[in-house]
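Trainee: Have a look at this one before I ask anything.
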Amino acid sequence: MATFESKGEAPLSPVSNDNVNNNVGTRRSSRPKKAPTKYDEEYTIPLHDAPAQSTSRHNRPKRKAAQVASDNIVPEDAGPLLEDLLRRMSPDERKEYGGWVELESEPGFFNAMLQELGAKDFKVQEVYSLDPEILEFLPKPVHGLVFLFEYEGDNDPSDDNRQDCPDHLWFANQTTANICATVALMNIVMNAEDAGLGPELQKFKDSTKEVPPPHRGYFLDGNDFIRSVHNSVARRIDLLAEDLALDNKYEESLKVKKKSRKKSSRSTRKHTNVETNYHYIAYVPVNGQIWELDGFQVKPLCLGNIADSWLDTASTAIQERMGRNSEDSSYSLLAICQSPLKTLAGELATSLSRSHALHSRFGGDKAWTAPDPFETFTDARLAQLNLSRAKVASLKPPDSFLAQTSSPDFGPAEALALAKDLRTEQDFLDVQYVAELATVDEAVETVRGRQRDYTPAVHQWVRSLAEKGVLRGLIQETDRDA
């Protein structure tokens with residue numbers, strides 16, 4: 001709390017009655033001075049109304065924040081205020097919250113966000129090394145990389161290499177605090193090819209297609225749907241803490257402005273406690289080129305054309321940025337890949353189309369014992385895989401399959417053996433799909449766990465202890481032990 005100090009004249013020294021009478025004396029003209037009537041009553045300054053001497057700024061005791069808070073909070077109002085702060089937050093309150101909370105670089109959070117956003121064709125996976133062998137194991141295709149680093153302000157690439165945003169590139173600037181994670185995520189998924197965005201994100205992409213990057217960032221900040229999903233991992237206490245942090249930053253900025261207006265010959269004291277700021281940026285391949293998309297920068301940075309693998313070029317750029325940071329900086333890297341669910345469903349559909357072709361050709365043969373693939377994978381099961389019987393039947397089998405089955409030596413026995421192999425393949429793909437689906441559900445459940453706010457329950461428990469007198473006894477016992 002700011003302390004305001006009076007800088008008027010120094011207080012008068014205490015004066016006694018005797019001193020007043022003795023100092024009536026003579027004026028400079030040597031004429032006697034007559035004390036006015038009722039002087040003692042009207043002009044004598046009481047001893048307790050003024051301090052004996054001026055107290056210097058450095059000698060004044062500082063008031064602790066707890067004491068200031070205690071002096072200003074009315075006890076009768078503290079209870080309802082505390083109840084209001086600790087009550088459970090409803091989904092409507094989270095949606096109406098106008099700010100953005102800071103996000104951790106946690107793949108589970110990003111995966112849950114993508115599911116809630118409706119972008120189910122993506123999966124976020126943490127990358128522990130930039131070695132080509134490690135990057136090769138990422139699910140393909142890789143739509144982009146999200147790089148988290150300590151922002152030091154002076155390690156950005158030269159602005160000379162940046163260019164105006166081309167029409168085929170979707171790029172948004174960051175226009176508010178704590179939104180850089182979602183900005184980086186949007187800068188990747190909006191540029192992904194052959195990936196479903198969901199109705200809300202597709203609508204947002206279409207509405208911002210023709211506007212420049214700063215306007216895209218502004219519209220992103222005002223999108224209630226995306227903001228509520230971003231804040232879905234936050235509890236009420238997190239939102240209150242974020243509001244308090246922003247308020248403190250605002251108060252600090254006012255102090256800085258006030259100090260900058262004062263002209264003083266004294267040197268400015270340097271701050272030793274510098275807050276560490278982290279920032280997310282994106283690397284994405286678009287139209288045969290690799291782009292670095294930093295929401296802090298007005299223009300995107302083209303890193304060059306794609307040669308063998310765009311990940312190699314992006315890795316080099318990331319390592320160069322890491323080299324420009326201090327040695328003790330920390331980093332995190334996430335890969336936005338195509339969801340294995342989509343890949344597995346596609347492979348399963350292709351395998352089922354082969355089985356369907358064999359069953360249609362040899363199903364009337366007496367020696368044919370293989371079941372109809374649609375008896376095993378019913379319409380309900382196909383719907384869970386985002387497939388249908390008509391979609392599977394319409395798929396053209398691979399050329400290798402057509403060449404194998406068109407051979408003169410390919411008869412019912414060979415077809416039956418192939419059908420059994422295909423059934424084994426389908427069971428394996430189905431098991432992988434179920435396991436991957438469980439991973440997605442686990443990520444969503446992690447976010448739901450974060451949404452469970454136990455603060456009201458803890459508050460009620462501590463309140464009950466206080467009402468029973470147990471809390472006071474525990475405090476006294478702790479004081480004795482100390």
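If you're wondering about the labels, chains in the structure tokens are A, B, ... by order shown, residues count from 1 in each chain, ligands from 1 in order shown.
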What's around Pro166 in chain A at 10 Å? Count only C-alpha atoms, leave out sequence neighbours fewer than 5 positions away in its own chain, and write the answer as a ChimeraX atom specification.

Mentor: /A:171,212,299-300

Trainee: I need the residue nearest Ala393 in chain A from this list: A:Val458, A:Ala357, A:Val124, A:Leu185. Use only C-alpha atoms for the distance.

Mentor: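 Comparing A:Val458, A:Ala357, A:Val124, A:Leu185 against Ala393 in chain A, the winner is A:Ala357.
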
Trainee: Enumerate as a PyMOL selection string all residues of range 321-419 of chain A assigned to alpha helix (DSSP H) by DSSP on the backbone, naming them with the chain letters and numbers the document uses.

Mentor: chain A and resi 321-324+340-362+373-376+379-384+389-394+399-405+412-419

Trainee: Would you list the contacts of Pro397 in chain A as an MDAnalysis selection string, taking every protein, DNA or RNA residue within 7 Å and counting only C-alpha atoms, but skipping same-chain residues closer than 3 positions in sequence?

Mentor: chainID A and resid 350 353:354 401:402

Trainee: May I ask which of the residues A:Leu117, A:Val286, A:Leu333, A:Cys165 is the closest one to Leu135 in chain A, counting only C-alpha atoms?

Mentor: A:Leu333

Trainee: Give me every strand (DSSP E) residue in range 184-379 of chain A, going by DSSP on the backbone, as a compact mmCIF listing (two decimals) with N, CA, C and O atoms, in the first residue's frame.

Mentor:
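What ended up in part23.txt:
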# COMPACT_ATOMS: atom_id res chain seq x y z
N TYR A 278 7.79 -16.14 -19.35
CA TYR A 278 7.86 -17.21 -20.35
C TYR A 278 6.95 -16.86 -21.52
O TYR A 278 5.93 -16.21 -21.36
N HIS A 279 7.34 -17.35 -22.69
CA HIS A 279 6.61 -16.99 -23.91
C HIS A 279 6.54 -18.20 -24.84
O HIS A 279 7.50 -18.97 -24.96
N TYR A 280 5.38 -18.37 -25.48
CA TYR A 280 5.16 -19.44 -26.45
C TYR A 280 5.22 -18.88 -27.87
O TYR A 280 4.63 -17.83 -28.15
N ILE A 281 5.91 -19.59 -28.74
CA ILE A 281 5.87 -19.27 -30.17
C ILE A 281 5.66 -20.56 -30.95
O ILE A 281 5.79 -21.67 -30.40
N ALA A 282 5.32 -20.43 -32.23
CA ALA A 282 4.97 -21.60 -33.04
C ALA A 282 5.87 -21.70 -34.26
O ALA A 282 6.32 -20.68 -34.82
N TYR A 283 6.12 -22.95 -34.67
CA TYR A 283 6.80 -23.25 -35.92
C TYR A 283 5.87 -24.15 -36.72
O TYR A 283 5.39 -25.17 -36.21
N VAL A 284 5.63 -23.77 -37.98
CA VAL A 284 4.60 -24.47 -38.76
C VAL A 284 4.98 -24.51 -40.23
O VAL A 284 5.54 -23.54 -40.77
N PRO A 285 4.72 -25.65 -40.90
CA PRO A 285 4.95 -25.73 -42.35
C PRO A 285 3.68 -25.34 -43.11
O PRO A 285 2.59 -25.85 -42.84
N VAL A 286 3.81 -24.44 -44.06
CA VAL A 286 2.68 -23.98 -44.86
C VAL A 286 3.15 -23.77 -46.30
O VAL A 286 4.10 -23.02 -46.53
N GLN A 289 6.86 -24.04 -47.15
CA GLN A 289 7.79 -23.18 -46.41
C GLN A 289 7.61 -23.39 -44.91
O GLN A 289 6.55 -23.82 -44.45
N ILE A 290 8.68 -23.07 -44.15
CA ILE A 290 8.63 -23.17 -42.69
C ILE A 290 8.56 -21.75 -42.13
O ILE A 290 9.35 -20.88 -42.52
N TRP A 291 7.62 -21.54 -41.20
CA TRP A 291 7.40 -20.21 -40.64
C TRP A 291 7.56 -20.24 -39.12
O TRP A 291 7.13 -21.20 -38.47
N GLU A 292 8.18 -19.18 -38.62
CA GLU A 292 8.18 -18.93 -37.18
C GLU A 292 7.12 -17.88 -36.90
O GLU A 292 7.20 -16.75 -37.39
N LEU A 293 6.14 -18.23 -36.09
CA LEU A 293 5.01 -17.35 -35.80
C LEU A 293 5.05 -16.95 -34.34
O LEU A 293 4.76 -17.75 -33.44
N LEU A 301 8.04 -14.77 -39.63
CA LEU A 301 9.41 -14.97 -40.10
C LEU A 301 9.47 -16.26 -40.91
O LEU A 301 9.15 -17.34 -40.41
N CYS A 302 9.86 -16.15 -42.18
CA CYS A 302 10.01 -17.32 -43.04
C CYS A 302 11.42 -17.88 -42.86
O CYS A 302 12.42 -17.18 -43.05
N LEU A 303 11.51 -19.18 -42.52
CA LEU A 303 12.79 -19.82 -42.28
C LEU A 303 13.35 -20.50 -43.52
O LEU A 303 14.46 -21.02 -43.48
N GLY A 304 12.58 -20.53 -44.59
CA GLY A 304 13.06 -21.13 -45.83
C GLY A 304 12.10 -22.17 -46.36
O GLY A 304 11.01 -22.40 -45.82
N ASN A 305 12.51 -22.79 -47.46
CA ASN A 305 11.69 -23.82 -48.10
C ASN A 305 11.94 -25.18 -47.46
O ASN A 305 13.03 -25.45 -46.91
N TYR A 331 13.47 -24.48 -21.01
CA TYR A 331 12.69 -24.55 -22.22
C TYR A 331 11.72 -25.72 -22.16
O TYR A 331 11.84 -26.62 -21.33
N SER A 332 10.76 -25.69 -23.08
CA SER A 332 9.83 -26.80 -23.26
C SER A 332 9.39 -26.81 -24.71
O SER A 332 9.25 -25.75 -25.34
N LEU A 333 9.17 -28.00 -25.26
CA LEU A 333 8.79 -28.13 -26.66
C LEU A 333 7.65 -29.14 -26.78
O LEU A 333 7.73 -30.26 -26.26
N LEU A 334 6.59 -28.73 -27.46
CA LEU A 334 5.43 -29.58 -27.71
C LEU A 334 5.22 -29.71 -29.21
O LEU A 334 5.39 -28.75 -29.95
N ALA A 335 4.83 -30.90 -29.65
CA ALA A 335 4.53 -31.16 -31.05
C ALA A 335 3.03 -31.32 -31.23
O ALA A 335 2.39 -32.06 -30.49
N ILE A 336 2.48 -30.60 -32.20
CA ILE A 336 1.06 -30.72 -32.53
C ILE A 336 0.97 -31.67 -33.72
O ILE A 336 1.33 -31.30 -34.86
N CYS A 337 0.54 -32.89 -33.47
CA CYS A 337 0.54 -33.93 -34.49
C CYS A 337 -0.90 -34.31 -34.87
O CYS A 337 -1.86 -33.92 -34.21
N GLN A 338 -0.99 -35.07 -35.94
CA GLN A 338 -2.29 -35.64 -36.26
C GLN A 338 -2.62 -36.71 -35.24
O GLN A 338 -1.77 -37.52 -34.86

Trainee: Name all residues at most 12 Å from Gln319 in chain A (count only C-alpha atoms; drop same-chain ones fewer than 4 positions away) and give them as an NGL selection string.

Mentor: :A and (129-131 or 147 or 149 or 312-315 or 323-325 or 331 or 333)

Trainee: Mind writing the picked residues with all heavy atoms as a compact mmCIF listing (two decimals), in the first residue's frame?

Mentor:
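Contents of the output file out30.txt:
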# COMPACT_ATOMS: atom_id res chain seq x y z
N SER A 129 13.80 -34.11 -26.98
CA SER A 129 15.09 -33.92 -27.65
C SER A 129 14.83 -33.51 -29.09
O SER A 129 13.80 -33.85 -29.69
CB SER A 129 15.91 -35.22 -27.61
OG SER A 129 17.09 -35.09 -28.39
N LEU A 130 15.77 -32.75 -29.65
CA LEU A 130 15.69 -32.33 -31.04
C LEU A 130 16.48 -33.25 -31.97
O LEU A 130 16.67 -32.93 -33.14
CB LEU A 130 16.20 -30.89 -31.18
CG LEU A 130 15.31 -29.81 -30.55
CD1 LEU A 130 16.00 -28.46 -30.62
CD2 LEU A 130 13.96 -29.76 -31.24
N ASP A 131 16.91 -34.39 -31.46
CA ASP A 131 17.61 -35.35 -32.30
C ASP A 131 16.67 -35.88 -33.38
O ASP A 131 15.50 -36.16 -33.12
CB ASP A 131 18.13 -36.53 -31.47
CG ASP A 131 19.22 -36.11 -30.49
OD1 ASP A 131 19.84 -35.06 -30.74
OD2 ASP A 131 19.42 -36.81 -29.48
N PHE A 147 7.04 -23.85 -28.94
CA PHE A 147 8.28 -23.70 -28.18
C PHE A 147 8.07 -22.70 -27.06
O PHE A 147 7.64 -21.57 -27.29
CB PHE A 147 9.40 -23.22 -29.11
CG PHE A 147 10.73 -23.06 -28.44
CD1 PHE A 147 11.30 -24.08 -27.70
CD2 PHE A 147 11.44 -21.86 -28.54
CE1 PHE A 147 12.53 -23.93 -27.09
CE2 PHE A 147 12.67 -21.70 -27.94
CZ PHE A 147 13.21 -22.73 -27.20
N PHE A 149 9.93 -20.68 -23.93
CA PHE A 149 11.26 -20.26 -23.48
C PHE A 149 11.13 -19.03 -22.58
O PHE A 149 10.08 -18.38 -22.53
CB PHE A 149 12.16 -19.95 -24.68
CG PHE A 149 11.66 -18.80 -25.52
CD1 PHE A 149 12.19 -17.52 -25.38
CD2 PHE A 149 10.67 -18.99 -26.46
CE1 PHE A 149 11.74 -16.46 -26.16
CE2 PHE A 149 10.21 -17.95 -27.25
CZ PHE A 149 10.74 -16.68 -27.09
N ASP A 312 13.72 -30.57 -39.41
CA ASP A 312 15.16 -30.29 -39.32
C ASP A 312 15.43 -28.79 -39.34
O ASP A 312 16.24 -28.27 -38.56
CB ASP A 312 15.89 -30.98 -40.47
CG ASP A 312 15.82 -32.49 -40.40
OD1 ASP A 312 15.59 -33.01 -39.28
OD2 ASP A 312 15.97 -33.15 -41.46
N THR A 313 14.74 -28.07 -40.23
CA THR A 313 14.92 -26.62 -40.31
C THR A 313 14.41 -25.94 -39.04
O THR A 313 15.06 -25.03 -38.51
CB THR A 313 14.18 -26.07 -41.54
OG1 THR A 313 14.63 -26.73 -42.71
CG2 THR A 313 14.41 -24.58 -41.68
N ALA A 314 13.25 -26.38 -38.56
CA ALA A 314 12.71 -25.80 -37.32
C ALA A 314 13.62 -26.08 -36.13
O ALA A 314 13.81 -25.22 -35.27
CB ALA A 314 11.31 -26.35 -37.07
N SER A 315 14.19 -27.28 -36.07
CA SER A 315 15.09 -27.63 -34.97
C SER A 315 16.31 -26.72 -34.95
O SER A 315 16.77 -26.27 -33.89
CB SER A 315 15.53 -29.09 -35.08
OG SER A 315 14.42 -29.95 -35.00
N GLY A 323 20.54 -20.71 -28.11
CA GLY A 323 21.92 -20.24 -27.97
C GLY A 323 22.00 -18.76 -27.65
O GLY A 323 22.98 -18.32 -27.04
N ARG A 324 21.00 -17.99 -28.06
CA ARG A 324 21.00 -16.56 -27.77
C ARG A 324 20.52 -16.26 -26.35
O ARG A 324 20.74 -15.16 -25.85
CB ARG A 324 20.10 -15.82 -28.78
CG ARG A 324 20.67 -15.77 -30.18
CD ARG A 324 19.90 -14.79 -31.06
NE ARG A 324 18.53 -15.22 -31.28
CZ ARG A 324 18.14 -15.97 -32.32
NH1 ARG A 324 19.03 -16.38 -33.20
NH2 ARG A 324 16.86 -16.30 -32.46
N ASN A 325 19.88 -17.23 -25.70
CA ASN A 325 19.45 -17.04 -24.31
C ASN A 325 20.60 -17.32 -23.35
O ASN A 325 21.64 -17.85 -23.73
CB ASN A 325 18.26 -17.96 -24.00
CG ASN A 325 16.92 -17.25 -24.14
OD1 ASN A 325 16.80 -16.25 -24.84
ND2 ASN A 325 15.92 -17.76 -23.46
N TYR A 331 13.47 -24.48 -21.01
CA TYR A 331 12.69 -24.55 -22.22
C TYR A 331 11.72 -25.72 -22.16
O TYR A 331 11.84 -26.62 -21.33
CB TYR A 331 13.59 -24.72 -23.46
CG TYR A 331 14.76 -23.78 -23.52
CD1 TYR A 331 15.99 -24.13 -22.98
CD2 TYR A 331 14.64 -22.52 -24.09
CE1 TYR A 331 17.08 -23.26 -23.02
CE2 TYR A 331 15.71 -21.65 -24.14
CZ TYR A 331 16.93 -22.03 -23.61
OH TYR A 331 18.00 -21.17 -23.64
N LEU A 333 9.17 -28.00 -25.26
CA LEU A 333 8.79 -28.13 -26.66
C LEU A 333 7.65 -29.14 -26.78
O LEU A 333 7.73 -30.26 -26.26
CB LEU A 333 9.99 -28.59 -27.50
CG LEU A 333 9.77 -28.65 -29.02
CD1 LEU A 333 9.49 -27.26 -29.57
CD2 LEU A 333 11.00 -29.25 -29.70

Trainee: Quick one: everything within 8 Å of range 118-123 of chain A, counting only C-alpha atoms, minus sequence neighbours fewer than 4 positions away in the same chain. Send it as number ranges by chain.

Mentor: A: 111, 114, 195-201, 336-342
